[in-house]
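Structure below is entry25.csv: CSV, C-alpha atoms and all ligand atoms.
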```
chain,number,residue,atom,x,y,z
A,1,MET,CA,-18.5,15.5,9.6
A,2,ASN,CA,-18.7,12.5,7.4
A,3,LYS,CA,-22.0,10.9,6.4
A,4,LEU,CA,-21.3,7.6,8.2
A,5,LEU,CA,-21.2,9.3,11.6
A,6,ASP,CA,-24.4,11.1,10.9
A,7,LYS,CA,-26.1,7.7,11.0
A,8,LEU,CA,-24.9,7.2,14.6
A,9,ARG,CA,-27.1,10.0,15.8
A,10,GLY,CA,-30.7,9.8,16.8
A,11,ARG,CA,-32.6,7.0,18.6
A,12,ASN,CA,-30.5,4.5,20.6
A,13,ALA,CA,-27.3,6.3,19.6
A,14,ASP,CA,-25.8,5.6,23.0
A,15,LEU,CA,-26.6,1.9,22.9
A,16,LYS,CA,-25.1,1.7,19.4
A,17,GLN,CA,-22.0,3.4,20.5
A,18,ARG,CA,-21.6,0.9,23.3
A,19,ILE,CA,-22.0,-2.0,20.8
A,20,LEU,CA,-19.3,-0.5,18.6
A,21,GLY,CA,-17.1,-0.1,21.8
A,22,LEU,CA,-17.5,-3.8,22.5
A,23,CYS,CA,-16.6,-4.6,18.9
A,24,LEU,CA,-13.4,-2.6,19.2
A,25,GLN,CA,-12.1,-5.4,21.5
A,26,GLY,CA,-13.1,-8.1,19.0
A,27,ASP,CA,-16.0,-9.7,17.3
A,28,GLN,CA,-19.1,-10.2,19.4
A,29,ALA,CA,-22.1,-12.6,19.6
A,30,ILE,CA,-25.7,-11.2,20.1
A,31,ALA,CA,-25.9,-13.0,23.5
A,32,ASP,CA,-22.7,-11.3,24.8
A,33,ILE,CA,-23.9,-7.9,23.5
A,34,SER,CA,-27.3,-8.3,25.1
A,35,LYS,CA,-25.6,-9.2,28.4
A,36,GLU,CA,-23.1,-6.3,28.3
A,37,LEU,CA,-25.8,-3.8,27.4
A,38,GLY,CA,-28.4,-5.2,29.8
A,39,ALA,CA,-30.8,-5.3,26.8
A,40,SER,CA,-33.1,-8.0,25.6
A,41,ILE,CA,-31.9,-10.4,22.8
A,42,PRO,CA,-34.5,-8.9,20.4
A,43,THR,CA,-33.3,-5.3,21.1
A,44,ALA,CA,-29.6,-6.3,20.7
A,45,THR,CA,-30.5,-8.1,17.4
A,46,LYS,CA,-32.4,-5.0,16.1
A,47,LEU,CA,-29.6,-2.6,17.0
A,48,VAL,CA,-26.9,-4.9,15.4
A,49,SER,CA,-29.1,-5.1,12.2
A,50,GLU,CA,-29.3,-1.3,12.1
A,51,LEU,CA,-25.5,-1.0,12.6
A,52,ILE,CA,-25.0,-3.5,9.7
A,53,GLU,CA,-27.4,-1.6,7.5
A,54,ASP,CA,-25.6,1.7,8.2
A,55,GLY,CA,-22.2,0.2,7.3
A,56,PHE,CA,-20.6,0.0,10.8
A,57,LEU,CA,-20.8,-3.8,11.3
A,58,VAL,CA,-20.6,-7.0,9.3
A,59,ASP,CA,-21.7,-10.5,10.0
A,60,MET,CA,-18.5,-12.5,10.6
A,61,GLY,CA,-20.3,-15.9,10.4
A,62,LYS,CA,-20.7,-18.6,13.0
A,63,GLN,CA,-17.9,-19.1,15.5
A,64,HIS,CA,-17.3,-20.8,18.8
A,65,GLY,CA,-19.1,-18.8,21.5
A,66,THR,CA,-18.2,-18.4,25.2
A,67,SER,CA,-21.0,-20.5,26.4
A,68,GLY,CA,-20.4,-23.6,24.3
A,69,GLY,CA,-23.3,-25.4,22.5
A,70,ARG,CA,-24.6,-24.2,19.2
A,71,ARG,CA,-22.2,-21.9,17.4
A,72,PRO,CA,-23.6,-18.4,17.3
A,73,SER,CA,-23.1,-15.7,14.6
A,74,PHE,CA,-20.5,-13.1,15.4
A,75,TYR,CA,-20.5,-9.5,14.4
A,76,GLY,CA,-17.5,-7.3,13.9
A,77,LEU,CA,-16.5,-3.8,12.7
A,78,ASN,CA,-16.9,-3.4,8.9
A,79,PRO,CA,-13.4,-3.0,7.4
A,80,GLU,CA,-15.0,-1.3,4.4
A,81,ALA,CA,-16.5,1.5,6.4
A,82,GLY,CA,-13.6,3.8,5.5
A,83,PRO,CA,-9.9,4.3,6.1
A,84,ILE,CA,-8.4,6.1,9.1
A,85,VAL,CA,-5.1,8.0,9.0
A,86,GLY,CA,-2.6,8.1,11.9
A,87,VAL,CA,0.4,10.4,11.9
A,88,GLU,CA,3.3,10.5,14.4
A,89,VAL,CA,5.1,13.8,14.3
A,90,GLY,CA,8.7,13.6,15.4
A,91,ARG,CA,11.4,16.2,15.6
A,92,GLU,CA,13.0,15.3,12.3
A,93,SER,CA,10.5,13.0,10.6
A,94,ILE,CA,6.9,11.8,10.5
A,95,SER,CA,5.5,8.3,10.2
A,96,LEU,CA,2.1,7.7,8.7
A,97,VAL,CA,-0.2,4.6,8.9
A,98,ILE,CA,-3.6,4.0,7.2
A,99,ILE,CA,-5.9,1.4,8.8
A,100,ASP,CA,-9.3,0.1,7.8
A,101,PHE,CA,-12.2,0.6,10.2
A,102,LYS,CA,-11.5,-2.8,11.8
A,103,GLY,CA,-7.9,-1.9,12.6
A,104,GLN,CA,-6.0,-3.7,9.9
A,105,VAL,CA,-3.0,-1.8,8.6
A,106,LEU,CA,-3.5,-1.0,4.9
A,107,ALA,CA,-0.4,1.1,4.2
A,108,ARG,CA,2.5,2.7,6.1
A,109,ARG,CA,5.3,5.2,5.5
A,110,GLU,CA,8.1,5.7,8.0
A,111,ASN,CA,10.8,8.4,8.3
A,112,ILE,CA,9.2,11.0,6.0
A,113,ARG,CA,11.5,14.0,6.2
A,114,PHE,CA,9.9,16.8,8.2
A,115,ARG,CA,11.3,19.5,10.5
A,116,LEU,CA,9.1,20.1,13.6
A,117,GLU,CA,9.1,23.7,14.7
A,118,SER,CA,6.4,25.7,16.3
A,119,THR,CA,6.0,28.0,13.2
A,120,PRO,CA,3.2,28.6,10.7
A,121,GLU,CA,5.6,27.3,7.9
A,122,SER,CA,6.1,24.0,9.8
A,123,PHE,CA,2.3,23.7,10.4
A,124,ARG,CA,1.6,24.2,6.7
A,125,SER,CA,4.3,21.8,5.7
A,126,LEU,CA,2.9,19.2,8.1
A,127,THR,CA,-0.6,19.3,6.4
A,128,ASP,CA,1.0,19.4,2.9
A,129,VAL,CA,3.1,16.3,3.7
A,130,ILE,CA,0.1,14.4,5.1
A,131,ARG,CA,-2.0,15.3,2.0
A,132,ALA,CA,0.8,14.2,-0.4
A,133,GLN,CA,1.6,11.0,1.5
A,134,VAL,CA,-2.1,9.9,1.6
A,135,ARG,CA,-2.3,10.5,-2.1
A,136,THR,CA,1.0,8.6,-2.8
A,137,LEU,CA,-0.3,5.6,-0.8
A,138,GLY,CA,-3.3,5.5,-3.2
A,139,PHE,CA,-6.0,7.0,-0.9
A,140,SER,CA,-8.2,10.0,-1.1
A,141,LEU,CA,-8.6,12.3,1.9
A,142,SER,CA,-12.3,12.7,0.9
A,143,ASP,CA,-12.8,9.0,1.8
A,144,VAL,CA,-10.9,9.2,5.1
A,145,LEU,CA,-13.1,8.9,8.2
A,146,ALA,CA,-10.7,10.6,10.6
A,147,CYS,CA,-7.0,11.6,11.0
A,148,GLY,CA,-5.2,11.2,14.3
A,149,ILE,CA,-2.0,13.2,14.9
A,150,THR,CA,0.5,12.7,17.8
A,151,LEU,CA,2.7,15.4,19.1
A,152,SER,CA,5.2,15.4,22.0
A,153,GLY,CA,4.7,17.6,25.0
A,154,ARG,CA,1.5,18.9,26.5
A,155,VAL,CA,-1.5,18.0,24.5
A,156,ASN,CA,-5.1,18.2,25.6
A,157,ALA,CA,-6.8,15.6,23.4
A,158,ALA,CA,-10.3,16.4,24.7
A,159,SER,CA,-10.2,20.2,23.9
A,160,GLY,CA,-7.9,19.8,20.9
A,161,PHE,CA,-5.3,22.3,22.1
A,162,SER,CA,-1.5,21.7,22.0
A,163,PHE,CA,0.6,23.7,24.4
A,164,THR,CA,4.1,22.7,23.3
A,165,TYR,CA,4.0,22.7,19.5
A,166,PHE,CA,1.7,24.7,17.2
A,167,ILE,CA,0.2,26.6,20.1
A,168,SER,CA,-3.0,28.1,18.8
A,169,GLU,CA,-4.8,31.0,20.5
A,170,GLY,CA,-8.6,31.0,20.7
A,171,ARG,CA,-9.2,28.1,18.3
A,172,PRO,CA,-8.3,24.4,19.0
A,173,LEU,CA,-5.4,23.1,16.9
A,174,THR,CA,-7.7,20.3,15.8
A,175,ASP,CA,-10.1,22.8,14.1
A,176,LEU,CA,-7.2,24.4,12.2
A,177,LEU,CA,-5.9,21.0,11.1
A,178,SER,CA,-9.4,19.8,10.1
A,179,GLU,CA,-9.8,22.9,8.0
A,180,ARG,CA,-6.5,22.3,6.1
A,181,LEU,CA,-7.1,18.6,5.6
A,182,GLY,CA,-10.9,18.5,5.1
A,183,VAL,CA,-11.3,15.6,7.5
A,184,PRO,CA,-12.1,15.4,11.3
A,185,VAL,CA,-8.7,15.6,13.1
A,186,PHE,CA,-7.9,14.4,16.6
A,187,ILE,CA,-4.6,15.1,18.4
A,188,GLU,CA,-2.9,13.2,21.2
A,189,ASN,CA,0.3,13.2,23.2
A,190,ASP,CA,2.8,10.8,21.5
A,191,SER,CA,3.5,8.5,24.5
A,192,ARG,CA,-0.2,8.1,25.3
A,193,ALA,CA,-0.9,7.2,21.6
A,194,MET,CA,1.9,4.7,21.7
A,195,ALA,CA,0.5,3.1,24.9
A,196,TYR,CA,-3.0,2.9,23.3
A,197,GLY,CA,-1.6,1.5,20.0
A,198,GLU,CA,0.4,-1.2,21.8
A,199,TYR,CA,-2.5,-2.0,24.1
A,200,LEU,CA,-5.2,-2.4,21.5
A,201,GLY,CA,-3.0,-3.1,18.5
A,202,SER,CA,-1.1,-6.0,20.2
A,203,ARG,CA,-4.3,-7.3,21.8
A,204,LEU,CA,-3.1,-7.0,25.4
A,205,GLN,CA,-6.5,-6.3,26.8
A,206,SER,CA,-6.3,-9.1,29.3
A,207,GLU,CA,-3.8,-7.0,31.1
A,208,LYS,CA,-5.6,-4.2,33.0
A,209,ASN,CA,-2.8,-2.1,34.2
A,210,VAL,CA,0.0,-1.3,31.8
A,211,LEU,CA,2.8,1.4,31.9
A,212,PHE,CA,4.3,2.2,28.5
A,213,PHE,CA,7.6,4.1,28.5
A,214,ASN,CA,8.4,6.0,25.4
A,215,VAL,CA,12.2,6.3,25.3
A,216,SER,CA,12.8,8.4,22.2
A,217,TRP,CA,14.6,11.8,22.1
A,218,GLY,CA,12.6,12.6,25.2
A,219,LEU,CA,11.0,10.4,27.8
A,220,GLY,CA,7.3,10.0,28.3
A,221,MET,CA,4.9,7.5,29.8
A,222,GLY,CA,1.4,6.3,28.7
A,223,MET,CA,-0.7,4.6,31.4
A,224,ILE,CA,-3.6,2.1,31.0
A,225,ILE,CA,-5.3,1.9,34.4
A,226,ASP,CA,-8.2,-0.6,34.9
A,227,GLY,CA,-8.2,-1.1,31.1
A,228,LYS,CA,-8.6,2.6,30.4
A,229,LEU,CA,-6.2,5.2,29.0
A,230,HIS,CA,-5.4,7.6,31.9
A,231,TYR,CA,-5.5,11.3,31.1
A,232,GLY,CA,-5.5,13.1,34.4
A,233,LYS,CA,-7.6,16.3,34.9
A,234,SER,CA,-6.2,18.3,31.9
A,235,GLY,CA,-4.8,15.5,29.8
A,236,PHE,CA,-1.2,16.0,30.9
A,237,SER,CA,-0.6,12.9,32.9
A,238,GLY,CA,2.5,10.7,32.3
A,239,GLU,CA,5.2,13.4,32.2
A,240,ILE,CA,7.7,11.1,33.9
A,241,GLY,CA,10.6,12.7,32.0
A,242,HIS,CA,10.2,15.9,33.9
A,243,ILE,CA,10.2,14.6,37.5
A,244,PRO,CA,13.1,16.0,39.4
A,245,PHE,CA,15.0,12.8,39.7
A,246,LEU,CA,18.7,13.7,39.3
A,247,SER,CA,21.1,16.1,41.0
A,248,ASN,CA,23.0,16.8,37.8
A,249,ASP,CA,22.4,20.6,37.3
A,250,ILE,CA,21.6,20.0,33.7
A,251,VAL,CA,18.9,22.3,32.3
A,252,CYS,CA,16.1,20.2,30.6
A,253,GLN,CA,14.3,21.3,27.5
A,254,CYS,CA,11.3,22.1,29.8
A,255,GLY,CA,13.5,24.7,31.5
A,256,LYS,CA,13.8,23.0,34.8
A,257,VAL,CA,16.9,21.3,36.3
A,258,GLY,CA,17.7,17.7,37.0
A,259,CYS,CA,14.7,16.1,35.2
A,260,LEU,CA,14.8,12.4,34.7
A,261,GLU,CA,14.9,13.0,30.9
A,262,THR,CA,18.3,14.6,31.2
A,263,GLY,CA,19.7,11.2,32.3
A,264,ALA,CA,17.4,8.6,30.7
A,265,SER,CA,16.4,9.4,27.2
A,266,GLY,CA,17.7,9.7,23.6
A,267,CYS,CA,18.8,13.3,24.3
A,268,ALA,CA,20.6,12.1,27.4
A,269,ALA,CA,22.4,9.4,25.3
A,270,HIS,CA,23.3,12.0,22.7
A,271,ARG,CA,24.7,14.4,25.4
A,272,ILE,CA,26.8,11.8,27.2
A,273,LEU,CA,28.2,10.4,23.9
A,274,LEU,CA,29.1,13.9,22.8
A,275,GLU,CA,30.9,14.5,26.1
A,276,ARG,CA,32.8,11.2,25.8
A,277,LEU,CA,33.8,11.9,22.2
A,278,GLN,CA,35.1,15.3,23.2
A,279,GLU,CA,37.1,13.6,25.9
A,280,GLY,CA,38.8,11.5,23.2
A,281,ARG,CA,37.0,8.2,23.6
A,282,GLY,CA,36.9,6.1,20.5
A,283,SER,CA,33.6,5.1,18.8
A,284,VAL,CA,32.0,4.7,15.3
A,285,LEU,CA,30.2,7.9,16.1
A,286,ASP,CA,33.5,9.7,15.9
A,287,LYS,CA,33.1,9.8,12.1
A,288,PRO,CA,29.8,11.7,11.9
A,289,PHE,CA,30.9,13.8,14.8
A,290,ARG,CA,34.1,14.9,13.0
A,291,THR,CA,32.4,15.4,9.6
A,292,LYS,CA,29.1,16.9,10.6
A,293,GLY,CA,29.9,18.1,14.1
A,294,ASP,CA,27.0,16.0,15.4
A,295,PHE,CA,25.1,12.6,15.0
A,296,THR,CA,21.5,11.6,15.0
A,297,LEU,CA,19.6,9.3,17.4
A,298,ASP,CA,19.4,6.7,14.5
A,299,GLU,CA,23.2,6.8,14.2
A,300,VAL,CA,23.4,6.1,18.0
A,301,ILE,CA,21.0,3.2,17.7
A,302,ALA,CA,23.0,1.8,14.7
A,303,ALA,CA,26.3,2.2,16.7
A,304,VAL,CA,24.8,0.1,19.6
A,305,LEU,CA,23.5,-2.6,17.3
A,306,ASP,CA,27.0,-2.5,15.6
A,307,GLU,CA,28.4,-3.4,19.1
A,308,ASP,CA,30.2,-0.1,19.6
A,309,VAL,CA,31.6,-0.4,23.1
A,310,LEU,CA,31.1,3.3,24.0
A,311,ALA,CA,27.6,3.4,22.7
A,312,ILE,CA,26.7,0.2,24.7
A,313,GLU,CA,28.3,1.7,27.8
A,314,VAL,CA,26.0,4.7,27.5
A,315,MET,CA,23.0,2.5,27.0
A,316,GLU,CA,23.9,0.8,30.3
A,317,GLU,CA,24.1,4.1,32.1
A,318,ILE,CA,20.8,5.3,30.7
A,319,GLY,CA,19.2,1.9,31.4
A,320,ALA,CA,20.3,2.0,35.0
A,321,THR,CA,18.8,5.4,35.6
A,322,LEU,CA,15.6,4.6,33.7
A,323,GLY,CA,15.2,1.2,35.5
A,324,LYS,CA,15.5,3.0,38.9
A,325,ALA,CA,12.7,5.4,37.9
A,326,ILE,CA,10.6,2.5,36.5
A,327,ALA,CA,11.1,0.7,39.9
A,328,GLY,CA,9.5,3.7,41.5
A,329,THR,CA,6.5,3.6,39.2
A,330,ILE,CA,6.1,-0.1,39.8
A,331,ASN,CA,6.0,0.5,43.5
A,332,ILE,CA,3.3,3.1,43.0
A,333,PHE,CA,1.1,1.4,40.3
A,334,ASN,CA,1.7,-2.4,40.8
A,335,PRO,CA,1.2,-2.9,37.1
A,336,ASP,CA,0.6,-6.2,35.2
A,337,LEU,CA,2.9,-5.1,32.5
A,338,VAL,CA,5.7,-2.6,31.8
A,339,ILE,CA,6.5,-1.9,28.1
A,340,LEU,CA,9.6,-0.3,26.9
A,341,GLY,CA,8.9,1.5,23.6
A,342,GLY,CA,10.1,4.4,21.6
A,343,ARG,CA,13.1,4.6,19.3
A,344,LEU,CA,15.8,3.7,21.8
A,345,SER,CA,14.0,0.4,22.7
A,346,GLU,CA,15.2,-0.8,19.2
A,347,VAL,CA,18.5,-1.6,20.8
A,348,GLY,CA,16.8,-4.5,22.6
A,349,ASP,CA,18.7,-6.2,25.4
A,350,TYR,CA,21.4,-3.4,25.5
A,351,LEU,CA,18.7,-1.3,27.2
A,352,THR,CA,16.3,-3.9,28.7
A,353,LEU,CA,19.0,-5.8,30.7
A,354,PRO,CA,20.2,-2.8,32.7
A,355,VAL,CA,16.6,-1.7,33.1
A,356,LYS,CA,15.7,-5.1,34.5
A,357,THR,CA,18.7,-5.2,36.8
A,358,ALA,CA,17.8,-1.7,38.2
A,359,ILE,CA,14.1,-2.7,38.7
A,360,SER,CA,15.3,-5.8,40.7
A,361,LYS,CA,17.6,-3.6,42.7
A,362,HIS,CA,15.3,-0.7,43.5
A,363,SER,CA,11.7,-2.0,43.5
A,364,LEU,CA,9.9,-3.8,46.3
A,365,ASN,CA,10.1,-7.5,45.3
A,366,MET,CA,6.6,-8.1,46.7
A,367,VAL,CA,5.3,-5.4,44.3
A,368,SER,CA,7.4,-6.1,41.2
A,369,LYS,CA,7.5,-9.9,41.1
A,370,ASP,CA,4.2,-10.1,39.1
A,371,THR,CA,5.1,-7.4,36.7
A,372,ARG,CA,6.3,-8.4,33.3
A,373,LEU,CA,8.7,-6.3,31.3
A,374,LEU,CA,8.2,-6.4,27.5
A,375,VAL,CA,9.7,-4.5,24.6
A,376,SER,CA,7.1,-2.8,22.3
A,377,ARG,CA,5.9,-5.3,19.7
A,378,LEU,CA,4.7,-2.6,17.3
A,379,GLY,CA,8.0,-0.7,17.5
A,380,ARG,CA,8.0,2.5,15.3
A,381,SER,CA,4.4,1.8,14.3
A,382,ALA,CA,3.0,2.0,17.9
A,383,GLY,CA,2.6,5.8,17.6
A,384,PRO,CA,0.8,6.1,14.2
A,385,ILE,CA,-1.3,3.0,14.9
A,386,GLY,CA,-2.2,4.4,18.3
A,387,ALA,CA,-3.1,7.7,16.5
A,388,CYS,CA,-5.4,5.8,14.2
A,389,LEU,CA,-7.1,3.7,16.9
A,390,LEU,CA,-7.5,6.7,19.2
A,391,SER,CA,-9.1,8.8,16.5
A,392,ARG,CA,-11.5,5.9,15.7
A,393,SER,CA,-12.5,5.8,19.4
A,394,ARG,CA,-12.9,9.6,19.6
A,395,MET,CA,-14.8,9.8,16.3
A,396,LEU,CA,-17.3,7.2,17.7
A,397,GLY,CA,-17.6,9.1,21.0
A,398,LEU,CA,-16.0,6.3,23.0
A,399,LEU,CA,-13.2,8.5,24.6
A,401,ZN,ZN,12.2,18.6,32.1
```
Represent the structure of the file as structure tokens.
Amino acid sequence: MNKLLDKLRGRNADLKQRILGLCLQGDQAIADISKELGASIPTATKLVSELIEDGFLVDMGKQHGTSGGRRPSFYGLNPEAGPIVGVEVGRESISLVIIDFKGQVLARRENIRFRLESTPESFRSLTDVIRAQVRTLGFSLSDVLACGITLSGRVNAASGFSFTYFISEGRPLTDLLSERLGVPVFIENDSRAMAYGEYLGSRLQSEKNVLFFNVSWGLGMGMIIDGKLHYGKSGFSGEIGHIPFLSNDIVCQCGKVGCLETGASGCAAHRILLERLQEGRGSVLDKPFRTKGDFTLDEVIAAVLDEDVLAIEVMEEIGATLGKAIAGTINIFNPDLVILGGRLSEVGDYLTLPVKTAISKHSLNMVSKDTRLLVSRLGRSAGPIGACLLSRSRMLGLL
């Protein structure tokens, strides 16, 4: 454990944690801190001074307060407290972001080649890649406060075990990763990290109920309910991709049949396009298909953006199925906001328009009329930024 966090132990640690929790949402004035904590102004002032002395907070100067009148001093997280690393581990590549303690992105690398397999070699390669990339970006792991890593599938962030990739017996995966990297490591499900990154990183905190759909190779969902990330009992909530939604007899990667993911995800787009090409339909994807026998999800996205008619048709099909499922979740959750994220969301209107049409067709108007549909603002950075922000919250004991 790093020295900074040692300072958060001892007297009034819980109150100090709560102050840091408030500052995660933005800079705070003493009067607001005192009100939120139910503590006197002198107590709040003393705790803030100690947090400044320990390096967690800095005086941001006088700003306009909530109550008008004299401008009070505001206090915010100290960007200099130390860097935090966030890593999104995909099937074929990883993305890495480094933020300062206040949440500002300091450096990022996308599409770093990496093959995700549940093997000891792949595990070693992951930690080697992280170590090398952090160094290349000009940082030293010894200065890093924490590292957050996202994985797809079943991940229990609280216990640190992953049940889909890098399944470790006896010891949490987080312990094994911390040992290899020499920094505290936290793991999280990819869709949940993206939801958190988008929520906190795009400053959407005025919305209390948000559903984030991660449409990448698979399909997942992250939920913010009453302003809090929803985990469920064992941390496995949000597995919307594996609800039995379709009567298509297609075996899903989870082993079951007819999962939503088999008709509304990147792997569904890949399968349908492959079938259409085999039937002789024309497309720009015909070239990689003939030369390599396959094509990647990035090539599918490029084909759609290149106005390839077949690829656009497949987006419409997938969007219609996805929108129907989203309509169901809107009926259940009555959310403020639905965000379409993940790699496939990069095709923009080609996916969002059929999704919108299906939502109008299949949801109860009374329930869905107040729900806004947005495309992820952070795009490919949502996952690694979410991993950074989640590990910061976990490190401070706020999750
Ligand atoms: Zn499934």
Residues around (14.2, -4.9, 24.4), cut-off 10 Å, counting only C-alpha atoms - what are they as a PyMOL selection string? chain A and resi 339-341+344-353+355+373-377
Which is closest to Lys35 (chain A) among A:Ile19, A:Glu316, A:Cys254, A:Ser49, if we use all atoms listed in the file?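 Checking each candidate against Lys35 (chain A), we get A:Ile19 as the closest.
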Any residue with an atom at most 8 Å from ligand ZN 401 (chain A) counts, using only C-alpha atoms and all ligand atoms. Which are they? Put them as a ChimeraX atom specification. /A:241-244,251-262
Those same residues, written as a CSV table (one decimal), keeping the file's coordinate frame with C-alpha atoms?
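Output saved as out_17.csv:
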```csv
chain,number,residue,atom,x,y,z
A,241,GLY,CA,10.6,12.7,32.0
A,242,HIS,CA,10.2,15.9,33.9
A,243,ILE,CA,10.2,14.6,37.5
A,244,PRO,CA,13.1,16.0,39.4
A,251,VAL,CA,18.9,22.3,32.3
A,252,CYS,CA,16.1,20.2,30.6
A,253,GLN,CA,14.3,21.3,27.5
A,254,CYS,CA,11.3,22.1,29.8
A,255,GLY,CA,13.5,24.7,31.5
A,256,LYS,CA,13.8,23.0,34.8
A,257,VAL,CA,16.9,21.3,36.3
A,258,GLY,CA,17.7,17.7,37.0
A,259,CYS,CA,14.7,16.1,35.2
A,260,LEU,CA,14.8,12.4,34.7
A,261,GLU,CA,14.9,13.0,30.9
A,262,THR,CA,18.3,14.6,31.2
```
May I have the residues within 10 Å of Leu285 (chain A) as a ChimeraX atom specification, using all atoms listed in the file and disregarding those fewer than 6 positions away in the same chain? /A:273-274,277,294-296,299-300,302-303,308,310-311
Report, in Å to a single decimal, how far apart CA of Arg154 (chain A) and CA of Tyr196 (chain A) are.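 Between these atoms lies a distance of 16.9 Å.
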Measuring atom to atom with only C-alpha atoms, identify which of A:Gly235, A:Gly153, A:Gly386, A:Pro79 is nearest to Val58 (chain A).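 Closest to Val58 (chain A), using only C-alpha atoms: A:Pro79.
For Lys62 (chain A), the non-local neighbours within 8 Å, defined as residues at least 2 positions apart in the same chain or in other chains and counting all atoms listed in the file, are Met60, His64, Arg71, Pro72, Ser73 and Phe74 of chain A.
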